[in-house]
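Below: one structure, written as C-alpha cells.
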Amino acid sequence: MSESALVVEALGTVLDTDGGLLRAVDALSLSIKRGETFALVGESGCGKSMTALSILRLLPENGRVDAGRVVLAGTDVTALPEARMRDIRGRRISIIFQEPATSLNPVLPVGTQIVEVIERHTTAQGAGARAKALQWLQRVGLPDAERRIDSYPFELSGGQKQRVMIAIALAAEPDVLIADEPTTALDVTIQKQILDLLIELQKAQGMAMLLITHDLGIVSQVAHRIALMYAGQIVEVAETHEFFARPLHPYSQMLLAALPDTEKRGRPLAAIQGTVPPLNQPFDRCRFSDRCPWVHEECVVAPPPLFKPVADHLVRCVLYKNGPTADATLTSALLSPHSDGAERMNYAAAGTAAEVPLLKVNDYRVYFPIRQGLLKRTVGYVKAVDGISFSLSAGRTLALVGESGCGKTTTGKALLQLLRGSARIEGEARLDGQLLDSLTDDALQNARRKMQIIFQDPYASLNPRMRVSEILEEGIVALRPGVDPVQRRAQVASLLTKVGLRPDSVDRYPHEFSGGQRQRVAIARALAVEPRLIVCDEPTSALDVSVQAQILNLLRQLQDELGVAYLFITHNFGVVEYLAHDIAVMKDGKIVEAGAAEDVLQRPRHAYTQALLAAVPHVQTPMAA
C-alpha cells in the first residue's frame, strides 16, 4: 500500500427534514490507501451509507454537503460540476448498493446494464463489451451466465441480483470501490466467493475499498483498518487486529460483547439499551452518554474530541484523554451486564425431549407445479422440499440452515398451511398429534392459534395502514374470540412491555419505527395468540448487532418463561451457535445432516455441512472468550 487513493476531510452532510435540519455526517475524516480495505461499521442510522452517498455526490434532493472535502487522486470532487462527476462515477470510483432490487433498472436485461458501464468508461464496444460483461458475470459466480446475461432483474433471486450489482460496479475496474453491505443478501459460501474476488481484484489492480457493513466477522477477515461510527461521528479508528484485540470505546466493547456465539450460550448477550439519538439537534455532550454504563460528569458538559491514547488508535472518549487507561476493567464490566445484582435470566439448556414431540414431520414433500401452454397444463414439478423428516419438542429450538433456495422457508410456510392451493404437499406433519394437512375449518383455525410465524421482513409483513394496536388485536379477535375488548387492550399493553416497546407505541404506524422496533412488533403479533410453536424466518438477518442481541435475549427469555418451541430458519451461524438446541442442514430440498447443535457444529460429517461451516466468518477476539 502506498499513497492515499481517497481522502475525506471534515466532511459534513445535512438533510432538510420536517423535523428540522438533520446533520447525518458530522466532521468525518478518513483516508484509504491504494490496495487497502477500510471498514466503516456502526448501527443503522449512524451515517455510514450517507457518507458513501456524500463521497459520490448521490445525495437525495433534500441533502447537501455543507462542509469538508473529498479528494480522489488529488481532485476535490465536491467542487466538480455534475458533468465531470458522471465521468468519475463508475470509472474512478464505484459503488455496490445495499439494495440491488431498487438499484437495477427493471426494464433492461442485466447484461445491457453492465455493457452500458463498459462502453461508457472503457474502450470496449459492441460485441467486445458484451463479451467482457459475460466475463464479469462469470467472475462473480452467477449460475448459467450465458443465459442469465439476457435475463431481467425480476427473473433473478436476491442473491443473483446482488452479484449482478457487483459486476456492474467492477466492470470498469475503478480505483476506489465503495461496498455498502455487499454480501447482506448472500449465503455464506457465495459471500466468501465474492469477498475472495474483491480481495483478488485489490491485489491485481491496487484498488482501494471502503467496506460498509455491520458484519464484524467479515470485517475481521478482510479489512486492514476500521472506523466505528455512532450518531454521525467516528468514535474509534484503528488497525483491524488492534481494534479486535483492544477495543477502547465503550460502544466498541459493547458491540463485540453483543455478538452471539457458542461461548455465550446460557447467559444473556450484552445488548445495548436505548437507541441512537436523533440527529436534528445540537450536541453539547458525548453522543453515546445516554447509553453508556460508564458515563460521568465530564461526559455531559462538552462533546469529546478524538484522543490518541496509543499509536494509530483514535478514540472519542474522555476516559482516554490522558493516554491509556485500565480498559481491561472496563471490558470485564461490560461483558458481565448482570454483575450489578440484577436478576439473571435462566438460560439453562432445555430439558430432555418429551416422549411425544410437539411437531413431528415425516417424509414431507412440497412440489410446485410447472405449467405451460395456453391451458396452463402441468408438465412437471419443482421439488422444493423433497422428503424431509424431523421432530421438535416444546421449549426447544431447531435451526434449519442451508443456502438460499434449499427449501427452508418453503418448509416453514407449508407447515403453517400457507401454501394450500399453490403446491402439492405429501407426507405427514403433526402438531400435538394432529395431522395438519388434513385440517379444515374450525380445526384448522384452532391449529393456527398454536403456531405462528415471524417473517424475515417486518416492514413487508406489517400492514402499513394499521396502527400497532390494530395489528396486535387482529390475531386475538380472529383466533381467540372469547377475549373481550378490555382484556384485549390489557394484553396488547402487556405484549408491548414484554418485547421492550413503550406503551404509547399502540397509536403508531409501522413506518414510525426502526427496523429493530418493527421486528419487535412482529414478534408481539406472533405471541398475541399464545402459540406453542413459532416459525422464525430469518428474524434477525436485517438487524444491527446490538438490536439482534436484544431480539435474541427476548426470544430466549420467552422460551424460558412460556416453553415456546422455535423452528429457526437462518444462515447466520453465530445465531445458530447461541440459540439452537438442534440443527438440520438442508440442501436441494433434502436434509443432509441433523443432530444436536454441538455435534453438528463441532463434528460435521457431511461434506456440504463442512463447506458451509468453513465459509462462516468468525471474529477471533479475547472478548469472545
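Labeling convention for the C-alpha cells: chains A, B, ... as they appear, residues from 1 per chain, ligands from 1 in order of appearance.
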Val300 in chain A surroundings by only C-alpha atoms, 12 Å radius, close-in-sequence under 5 positions cut, as a PyMOL selection string: chain A and resi 283-290+292+294-295+317-318
Only N, CA and C atoms, please: the residues just picked out, written as a tab-separated table (two decimals), in the first residue's frame.
```
chain	number	residue	atom	x	y	z
A	283	PHE	N	-25.46	18.92	19.71
A	283	PHE	CA	-24.96	18.06	20.78
A	283	PHE	C	-23.97	18.84	21.64
A	284	ASP	N	-24.27	18.94	22.92
A	284	ASP	CA	-23.37	19.60	23.85
A	284	ASP	C	-22.76	18.60	24.83
A	285	ARG	N	-22.82	17.33	24.47
A	285	ARG	CA	-22.30	16.26	25.32
A	285	ARG	C	-21.85	15.10	24.44
A	286	CYS	N	-21.28	14.07	25.05
A	286	CYS	CA	-20.95	12.86	24.30
A	286	CYS	C	-22.24	12.23	23.78
A	287	ARG	N	-22.25	11.89	22.50
A	287	ARG	CA	-23.48	11.37	21.88
A	287	ARG	C	-23.86	9.98	22.39
A	288	PHE	N	-22.92	9.28	22.98
A	288	PHE	CA	-23.20	7.94	23.50
A	288	PHE	C	-23.54	7.96	25.00
A	289	SER	N	-23.53	9.15	25.58
A	289	SER	CA	-23.64	9.25	27.04
A	289	SER	C	-24.95	8.66	27.59
A	290	ASP	N	-26.05	8.77	26.84
A	290	ASP	CA	-27.33	8.26	27.33
A	290	ASP	C	-27.38	6.73	27.39
A	292	CYS	N	-24.31	4.83	27.74
A	292	CYS	CA	-23.01	4.35	28.23
A	292	CYS	C	-23.07	3.99	29.71
A	294	TRP	N	-20.63	3.82	31.61
A	294	TRP	CA	-19.52	4.48	32.30
A	294	TRP	C	-19.62	6.00	32.22
A	295	VAL	N	-20.80	6.52	31.95
A	295	VAL	CA	-20.97	7.96	31.82
A	295	VAL	C	-20.70	8.64	33.17
A	317	CYS	N	-13.46	9.42	23.48
A	317	CYS	CA	-13.94	9.12	24.83
A	317	CYS	C	-13.00	9.76	25.85
A	318	VAL	N	-13.56	10.46	26.82
A	318	VAL	CA	-12.75	11.19	27.80
A	318	VAL	C	-11.99	10.25	28.72
```
Skipping near chain neighbours, those fewer than 3 positions away, what residues fall within 10 Å of range 60-71 of chain A using only C-alpha atoms, listed as a VMD selection string?
-> chain A and resid 4 to 17 21 to 31 50 to 51 53 to 57 74 to 79
Written file, previous selection with N, CA, C and O atoms, as a short mmCIF file (atom, residue, chain, number, x, y, z; two decimals), in the first residue's frame:
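Everything below was put into part-v8.cif:
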```
data_model
loop_
_atom_site.label_atom_id
_atom_site.label_comp_id
_atom_site.auth_asym_id
_atom_site.auth_seq_id
_atom_site.Cartn_x
_atom_site.Cartn_y
_atom_site.Cartn_z
N SER A 4 -2.45 7.66 -0.73
CA SER A 4 -3.89 7.57 -0.49
C SER A 4 -4.65 7.68 -1.81
O SER A 4 -4.39 8.56 -2.63
N ALA A 5 -5.60 6.77 -2.00
CA ALA A 5 -6.47 6.83 -3.18
C ALA A 5 -7.67 7.72 -2.92
O ALA A 5 -8.23 8.33 -3.83
N LEU A 6 -8.10 7.81 -1.66
CA LEU A 6 -9.26 8.62 -1.29
C LEU A 6 -8.99 9.27 0.07
O LEU A 6 -8.58 8.60 1.01
N VAL A 7 -9.23 10.57 0.14
CA VAL A 7 -9.07 11.30 1.40
C VAL A 7 -10.35 12.11 1.66
O VAL A 7 -10.78 12.88 0.79
N VAL A 8 -10.93 11.92 2.81
CA VAL A 8 -12.11 12.68 3.22
C VAL A 8 -11.71 13.55 4.41
O VAL A 8 -11.19 13.04 5.41
N GLU A 9 -11.94 14.86 4.29
CA GLU A 9 -11.51 15.80 5.31
C GLU A 9 -12.70 16.56 5.90
O GLU A 9 -13.37 17.31 5.18
N ALA A 10 -12.98 16.32 7.17
CA ALA A 10 -14.01 17.06 7.93
C ALA A 10 -15.33 17.16 7.17
O ALA A 10 -15.95 18.23 7.09
N LEU A 11 -15.77 16.05 6.63
CA LEU A 11 -16.99 16.02 5.82
C LEU A 11 -18.23 16.26 6.69
O LEU A 11 -18.41 15.65 7.74
N GLY A 12 -19.09 17.16 6.22
CA GLY A 12 -20.35 17.42 6.89
C GLY A 12 -21.50 17.33 5.90
O GLY A 12 -21.45 17.96 4.83
N THR A 13 -22.51 16.55 6.22
CA THR A 13 -23.67 16.38 5.35
C THR A 13 -24.94 16.65 6.13
O THR A 13 -25.12 16.11 7.24
N VAL A 14 -25.83 17.47 5.57
CA VAL A 14 -27.08 17.79 6.24
C VAL A 14 -28.26 17.43 5.35
O VAL A 14 -28.15 17.42 4.12
N LEU A 15 -29.40 17.15 5.99
CA LEU A 15 -30.65 16.84 5.29
C LEU A 15 -31.73 17.77 5.82
O LEU A 15 -31.88 17.94 7.04
N ASP A 16 -32.49 18.36 4.91
CA ASP A 16 -33.64 19.17 5.30
C ASP A 16 -34.84 18.26 5.50
O ASP A 16 -35.30 17.60 4.57
N THR A 17 -35.35 18.19 6.73
CA THR A 17 -36.47 17.31 7.05
C THR A 17 -37.58 18.11 7.71
O THR A 17 -37.40 19.26 8.12
N LEU A 21 -33.28 20.61 10.49
CA LEU A 21 -32.05 20.26 9.80
C LEU A 21 -31.39 19.08 10.51
O LEU A 21 -31.08 19.15 11.70
N LEU A 22 -31.17 18.01 9.77
CA LEU A 22 -30.59 16.80 10.33
C LEU A 22 -29.16 16.68 9.85
O LEU A 22 -28.90 16.61 8.64
N ARG A 23 -28.20 16.63 10.78
CA ARG A 23 -26.79 16.51 10.42
C ARG A 23 -26.43 15.03 10.41
O ARG A 23 -26.10 14.43 11.43
N ALA A 24 -26.48 14.41 9.22
CA ALA A 24 -26.28 12.97 9.07
C ALA A 24 -24.82 12.58 9.21
O ALA A 24 -24.50 11.49 9.70
N VAL A 25 -23.91 13.43 8.74
CA VAL A 25 -22.47 13.18 8.84
C VAL A 25 -21.84 14.44 9.41
O VAL A 25 -22.07 15.54 8.90
N ASP A 26 -21.03 14.28 10.46
CA ASP A 26 -20.53 15.45 11.18
C ASP A 26 -19.00 15.38 11.31
O ASP A 26 -18.47 14.56 12.06
N ALA A 27 -18.31 16.23 10.55
CA ALA A 27 -16.84 16.39 10.65
C ALA A 27 -16.12 15.06 10.54
O ALA A 27 -15.24 14.73 11.33
N LEU A 28 -16.48 14.29 9.51
CA LEU A 28 -15.89 12.96 9.33
C LEU A 28 -14.63 13.05 8.49
O LEU A 28 -14.63 13.65 7.40
N SER A 29 -13.56 12.44 8.96
CA SER A 29 -12.29 12.40 8.23
C SER A 29 -11.78 10.97 8.15
O SER A 29 -11.83 10.23 9.15
N LEU A 30 -11.29 10.59 6.98
CA LEU A 30 -10.67 9.28 6.80
C LEU A 30 -9.83 9.30 5.54
O LEU A 30 -10.01 10.17 4.67
N SER A 31 -8.91 8.37 5.43
CA SER A 31 -8.12 8.22 4.22
C SER A 31 -7.94 6.74 3.94
O SER A 31 -7.81 5.93 4.88
N MET A 50 -24.87 7.31 4.29
CA MET A 50 -24.90 8.72 3.92
C MET A 50 -23.49 9.23 3.62
O MET A 50 -23.30 10.09 2.75
N THR A 51 -22.49 8.70 4.30
CA THR A 51 -21.10 9.02 3.99
C THR A 51 -20.75 8.60 2.58
O THR A 51 -20.14 9.35 1.80
N LEU A 53 -22.81 8.06 0.03
CA LEU A 53 -23.54 8.88 -0.94
C LEU A 53 -22.95 10.28 -1.04
O LEU A 53 -22.97 10.90 -2.11
N SER A 54 -22.44 10.80 0.06
CA SER A 54 -21.80 12.12 0.04
C SER A 54 -20.52 12.08 -0.79
O SER A 54 -20.25 13.01 -1.56
N ILE A 55 -19.74 11.04 -0.63
CA ILE A 55 -18.50 10.91 -1.39
C ILE A 55 -18.78 10.86 -2.89
O ILE A 55 -18.08 11.49 -3.70
N LEU A 56 -19.85 10.16 -3.27
CA LEU A 56 -20.20 10.01 -4.68
C LEU A 56 -21.10 11.14 -5.19
O LEU A 56 -21.45 11.16 -6.37
N ARG A 57 -21.51 12.01 -4.30
CA ARG A 57 -22.45 13.10 -4.63
C ARG A 57 -23.75 12.55 -5.23
O ARG A 57 -24.22 12.99 -6.27
N GLY A 74 -6.13 13.41 -5.87
CA GLY A 74 -5.71 14.79 -5.95
C GLY A 74 -6.78 15.79 -6.35
O GLY A 74 -6.53 16.99 -6.36
N THR A 75 -7.98 15.31 -6.69
CA THR A 75 -9.07 16.18 -7.14
C THR A 75 -10.18 16.23 -6.10
O THR A 75 -10.66 15.19 -5.64
N ASP A 76 -10.58 17.44 -5.71
CA ASP A 76 -11.69 17.60 -4.77
C ASP A 76 -13.00 17.46 -5.55
O ASP A 76 -13.43 18.37 -6.26
N VAL A 77 -13.66 16.32 -5.39
CA VAL A 77 -14.86 16.04 -6.19
C VAL A 77 -16.05 16.87 -5.73
O VAL A 77 -17.03 17.02 -6.48
N THR A 78 -16.01 17.42 -4.52
CA THR A 78 -17.14 18.24 -4.07
C THR A 78 -17.23 19.55 -4.85
O THR A 78 -18.27 20.20 -4.85
N ALA A 79 -16.13 19.92 -5.54
CA ALA A 79 -16.12 21.18 -6.29
C ALA A 79 -16.36 20.98 -7.78
O ALA A 79 -16.41 21.96 -8.54
#
```
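Distances here use only C-alpha atoms; by that measure, the residue among A:Val310, A:Gln113, A:Ser94, A:Lys264 closest to Glu242 in chain A is A:Val310.
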Mind checking which residues fall within 6 Å of range 218-233 of chain A, counting only C-alpha atoms, ignoring those fewer than 6 positions away in the same chain, and posting them as a VMD selection string? chain A and resid 24 to 26 37 to 42 46 to 47 239 to 240 617 619
CA of Val235 in chain A to CA of Val547 in chain A measures 19.1 Å
query: Near range 175-179 of chain A, within 7 Å and counting only C-alpha atoms, which residues show up once chain neighbours fewer than 6 positions away are dropped, as a ChimeraX atom specification?
result: /A:5,52,92-97,207-212
Go ahead and write the residues just picked, N, CA, C and O atoms, as a CSV table (one decimal), in the first residue's frame.
```csv
chain,number,residue,atom,x,y,z
A,5,ALA,N,-5.6,6.8,-2.0
A,5,ALA,CA,-6.5,6.8,-3.2
A,5,ALA,C,-7.7,7.7,-2.9
A,5,ALA,O,-8.2,8.3,-3.8
A,52,ALA,N,-21.2,7.4,2.2
A,52,ALA,CA,-20.9,6.9,0.9
A,52,ALA,C,-21.6,7.7,-0.2
A,52,ALA,O,-20.9,8.1,-1.2
A,92,ARG,N,-13.6,6.0,-12.0
A,92,ARG,CA,-12.6,6.2,-10.9
A,92,ARG,C,-13.1,5.7,-9.6
A,92,ARG,O,-12.3,5.2,-8.8
A,93,ILE,N,-14.3,5.8,-9.3
A,93,ILE,CA,-14.9,5.4,-8.1
A,93,ILE,C,-16.3,4.8,-8.3
A,93,ILE,O,-17.1,5.4,-9.1
A,94,SER,N,-16.6,3.7,-7.7
A,94,SER,CA,-17.9,3.0,-8.0
A,94,SER,C,-18.4,2.5,-6.7
A,94,SER,O,-17.8,2.5,-5.6
A,95,ILE,N,-19.7,2.1,-6.7
A,95,ILE,CA,-20.4,1.6,-5.5
A,95,ILE,C,-21.2,0.4,-5.8
A,95,ILE,O,-21.8,0.2,-6.8
A,96,ILE,N,-21.2,-0.5,-4.8
A,96,ILE,CA,-22.1,-1.6,-4.7
A,96,ILE,C,-23.2,-1.2,-3.7
A,96,ILE,O,-23.0,-1.1,-2.5
A,97,PHE,N,-24.4,-1.0,-4.2
A,97,PHE,CA,-25.5,-0.6,-3.3
A,97,PHE,C,-26.0,-1.8,-2.5
A,97,PHE,O,-26.0,-2.9,-2.9
A,207,MET,N,-6.7,-1.7,-6.0
A,207,MET,CA,-8.0,-1.0,-5.8
A,207,MET,C,-8.1,-0.7,-4.3
A,207,MET,O,-7.9,-1.6,-3.5
A,208,ALA,N,-8.6,0.5,-3.9
A,208,ALA,CA,-8.9,0.8,-2.6
A,208,ALA,C,-10.4,0.5,-2.4
A,208,ALA,O,-11.2,0.7,-3.3
A,209,MET,N,-10.8,0.0,-1.2
A,209,MET,CA,-12.2,-0.3,-0.9
A,209,MET,C,-12.6,0.2,0.4
A,209,MET,O,-12.0,0.0,1.5
A,210,LEU,N,-13.8,0.9,0.4
A,210,LEU,CA,-14.5,1.4,1.6
A,210,LEU,C,-15.6,0.4,1.8
A,210,LEU,O,-16.6,0.4,1.1
A,211,LEU,N,-15.5,-0.5,2.8
A,211,LEU,CA,-16.4,-1.5,3.1
A,211,LEU,C,-17.4,-1.1,4.2
A,211,LEU,O,-16.9,-0.8,5.3
A,212,ILE,N,-18.7,-0.9,3.9
A,212,ILE,CA,-19.7,-0.5,4.8
A,212,ILE,C,-20.5,-1.8,5.2
A,212,ILE,O,-21.1,-2.4,4.4
```
Item to complete: List every residue of range 452-527 of chain A that DSSP, applied to the backbone of this structure, assigns to helix (DSSP H, G or I), and report them as a ChimeraX atom specification.
Response: /A:458-461,468-479,485-498,503-507,510-512,515-527
Go ahead and save the picked residues with C-alpha atoms, as a PDB file, in the first residue's frame.
```pdb
ATOM      1  CA  PRO A 458     -41.313  -6.938   9.175  1.00  0.00           C
ATOM      2  CA  TYR A 459     -41.834  -3.855   7.016  1.00  0.00           C
ATOM      3  CA  ALA A 460     -43.412  -6.002   4.282  1.00  0.00           C
ATOM      4  CA  SER A 461     -45.381  -8.239   6.654  1.00  0.00           C
ATOM      5  CA  VAL A 468     -49.842  -1.269  16.267  1.00  0.00           C
ATOM      6  CA  SER A 469     -52.908  -1.775  18.490  1.00  0.00           C
ATOM      7  CA  GLU A 470     -54.923  -2.952  15.464  1.00  0.00           C
ATOM      8  CA  ILE A 471     -52.108  -5.231  14.253  1.00  0.00           C
ATOM      9  CA  LEU A 472     -51.826  -6.942  17.637  1.00  0.00           C
ATOM     10  CA  GLU A 473     -55.552  -7.172  18.286  1.00  0.00           C
ATOM     11  CA  GLU A 474     -56.315  -8.602  14.852  1.00  0.00           C
ATOM     12  CA  GLY A 475     -54.954 -12.053  15.706  1.00  0.00           C
ATOM     13  CA  ILE A 476     -56.635 -12.100  19.107  1.00  0.00           C
ATOM     14  CA  VAL A 477     -60.012 -11.248  17.561  1.00  0.00           C
ATOM     15  CA  ALA A 478     -59.666 -13.927  14.878  1.00  0.00           C
ATOM     16  CA  LEU A 479     -58.173 -16.777  16.911  1.00  0.00           C
ATOM     17  CA  PRO A 485     -62.150  -5.699  24.283  1.00  0.00           C
ATOM     18  CA  VAL A 486     -60.939  -4.641  27.740  1.00  0.00           C
ATOM     19  CA  GLN A 487     -58.870  -7.811  28.108  1.00  0.00           C
ATOM     20  CA  ARG A 488     -57.527  -7.377  24.570  1.00  0.00           C
ATOM     21  CA  ARG A 489     -56.242  -3.882  25.308  1.00  0.00           C
ATOM     22  CA  ALA A 490     -54.629  -5.106  28.531  1.00  0.00           C
ATOM     23  CA  GLN A 491     -52.963  -7.981  26.672  1.00  0.00           C
ATOM     24  CA  VAL A 492     -51.671  -5.638  23.959  1.00  0.00           C
ATOM     25  CA  ALA A 493     -50.122  -3.386  26.612  1.00  0.00           C
ATOM     26  CA  SER A 494     -48.557  -6.425  28.273  1.00  0.00           C
ATOM     27  CA  LEU A 495     -47.177  -7.682  24.936  1.00  0.00           C
ATOM     28  CA  LEU A 496     -45.545  -4.331  24.170  1.00  0.00           C
ATOM     29  CA  THR A 497     -43.862  -4.319  27.568  1.00  0.00           C
ATOM     30  CA  LYS A 498     -42.721  -7.904  27.066  1.00  0.00           C
ATOM     31  CA  PRO A 503     -46.916   1.751  25.890  1.00  0.00           C
ATOM     32  CA  ASP A 504     -47.545   4.757  23.612  1.00  0.00           C
ATOM     33  CA  SER A 505     -46.444   2.599  20.648  1.00  0.00           C
ATOM     34  CA  VAL A 506     -50.032   1.385  20.273  1.00  0.00           C
ATOM     35  CA  ASP A 507     -51.049   4.519  18.355  1.00  0.00           C
ATOM     36  CA  PRO A 510     -45.130   0.612  11.239  1.00  0.00           C
ATOM     37  CA  HIS A 511     -43.225   3.296   9.296  1.00  0.00           C
ATOM     38  CA  GLU A 512     -42.717   5.259  12.521  1.00  0.00           C
ATOM     39  CA  GLY A 515     -36.161  -1.906  11.782  1.00  0.00           C
ATOM     40  CA  GLY A 516     -35.477  -3.494  15.154  1.00  0.00           C
ATOM     41  CA  GLN A 517     -38.623  -1.993  16.669  1.00  0.00           C
ATOM     42  CA  ARG A 518     -40.743  -3.249  13.743  1.00  0.00           C
ATOM     43  CA  GLN A 519     -39.333  -6.731  14.303  1.00  0.00           C
ATOM     44  CA  ARG A 520     -40.391  -6.459  17.956  1.00  0.00           C
ATOM     45  CA  VAL A 521     -43.921  -5.620  16.798  1.00  0.00           C
ATOM     46  CA  ALA A 522     -43.840  -8.692  14.543  1.00  0.00           C
ATOM     47  CA  ILE A 523     -42.735 -10.845  17.495  1.00  0.00           C
ATOM     48  CA  ALA A 524     -45.510  -9.369  19.653  1.00  0.00           C
ATOM     49  CA  ARG A 525     -48.039 -10.183  16.918  1.00  0.00           C
ATOM     50  CA  ALA A 526     -46.844 -13.788  16.828  1.00  0.00           C
ATOM     51  CA  LEU A 527     -47.112 -14.046  20.630  1.00  0.00           C
TER      52      LEU A 527
END
```
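Of the residues listed (A:Ser44, A:Cys536, A:His296, A:Val529), A:Ser44 shows the shortest atom-to-atom separation from Val276 in chain A; distances use only C-alpha atoms.
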Selection: 9 Å around Arg365 in chain A, only C-alpha atoms, excl. self and same-chain fewer than 3 positions, as a PyMOL selection string
chain A and resi 383-388+411+424-428+589
I need the chosen residues saved as a PDB file, in the first residue's frame, with C-alpha atoms.
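Result written to out13.pdb:
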```
ATOM      1  CA  LYS A 383     -39.320 -30.335  -5.836  1.00  0.00           C
ATOM      2  CA  ALA A 384     -38.792 -27.520  -3.329  1.00  0.00           C
ATOM      3  CA  VAL A 385     -38.979 -29.870  -0.317  1.00  0.00           C
ATOM      4  CA  ASP A 386     -38.268 -33.488  -1.133  1.00  0.00           C
ATOM      5  CA  GLY A 387     -38.876 -35.953   1.677  1.00  0.00           C
ATOM      6  CA  ILE A 388     -37.661 -34.393   4.938  1.00  0.00           C
ATOM      7  CA  THR A 411     -40.865 -25.823   4.740  1.00  0.00           C
ATOM      8  CA  ARG A 424     -48.729 -30.336  -3.946  1.00  0.00           C
ATOM      9  CA  ILE A 425     -47.976 -31.422  -0.399  1.00  0.00           C
ATOM     10  CA  GLU A 426     -47.310 -35.035   0.605  1.00  0.00           C
ATOM     11  CA  GLY A 427     -46.107 -36.787   3.742  1.00  0.00           C
ATOM     12  CA  GLU A 428     -47.080 -36.114   7.328  1.00  0.00           C
ATOM     13  CA  GLY A 589     -34.908 -29.813  -0.670  1.00  0.00           C
TER      14      GLY A 589
END
```
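Residues with any atom within 10 Å of Met451 in chain A, counting only C-alpha atoms and excluding same-chain neighbours fewer than 2 positions away, are Leu415, Leu416, Leu431, Asn446, Ala447, Arg448, Arg449, Ile453, Ala526, Leu527, Val529, Glu530, Pro531, Arg532, Leu533, Ile534, Val535, Val564, Ala565 and Tyr566 of chain A.
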Restrict the selected residues to C-alpha atoms and save them as a compact mmCIF listing (two decimals), in the first residue's frame.
```txt
# COMPACT_ATOMS: atom_id res chain seq x y z
CA LEU A 415 -46.15 -26.42 7.89
CA LEU A 416 -48.22 -23.32 8.67
CA LEU A 431 -48.80 -30.75 15.66
CA ASN A 446 -57.64 -23.89 16.30
CA ALA A 447 -54.34 -25.20 14.98
CA ARG A 448 -53.34 -21.74 13.73
CA ARG A 449 -53.61 -20.46 17.28
CA ILE A 453 -44.60 -17.10 12.10
CA ALA A 526 -46.84 -13.79 16.83
CA LEU A 527 -47.11 -14.05 20.63
CA VAL A 529 -52.44 -15.68 20.38
CA GLU A 530 -50.17 -17.55 22.83
CA PRO A 531 -48.78 -20.07 20.33
CA ARG A 532 -46.80 -23.17 21.25
CA LEU A 533 -44.70 -23.12 18.04
CA ILE A 534 -43.18 -20.13 16.26
CA VAL A 535 -41.50 -20.37 12.85
CA VAL A 564 -42.37 -21.90 23.20
CA ALA A 565 -40.72 -24.08 20.52
CA TYR A 566 -38.86 -22.35 17.67
```
**Request:** Quick one: everything within 7 Å of range 389-398 of chain A, counting only C-alpha atoms, minus sequence neighbours fewer than 4 positions away in the same chain. Send it as an NGL selection string.
**Result:** :A and (350 or 353-354 or 357-364 or 559 or 563-568 or 580-583)
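The space separating CA of Pro174 in chain A from CA of Glu236 in chain A comes to 28.0 Å.
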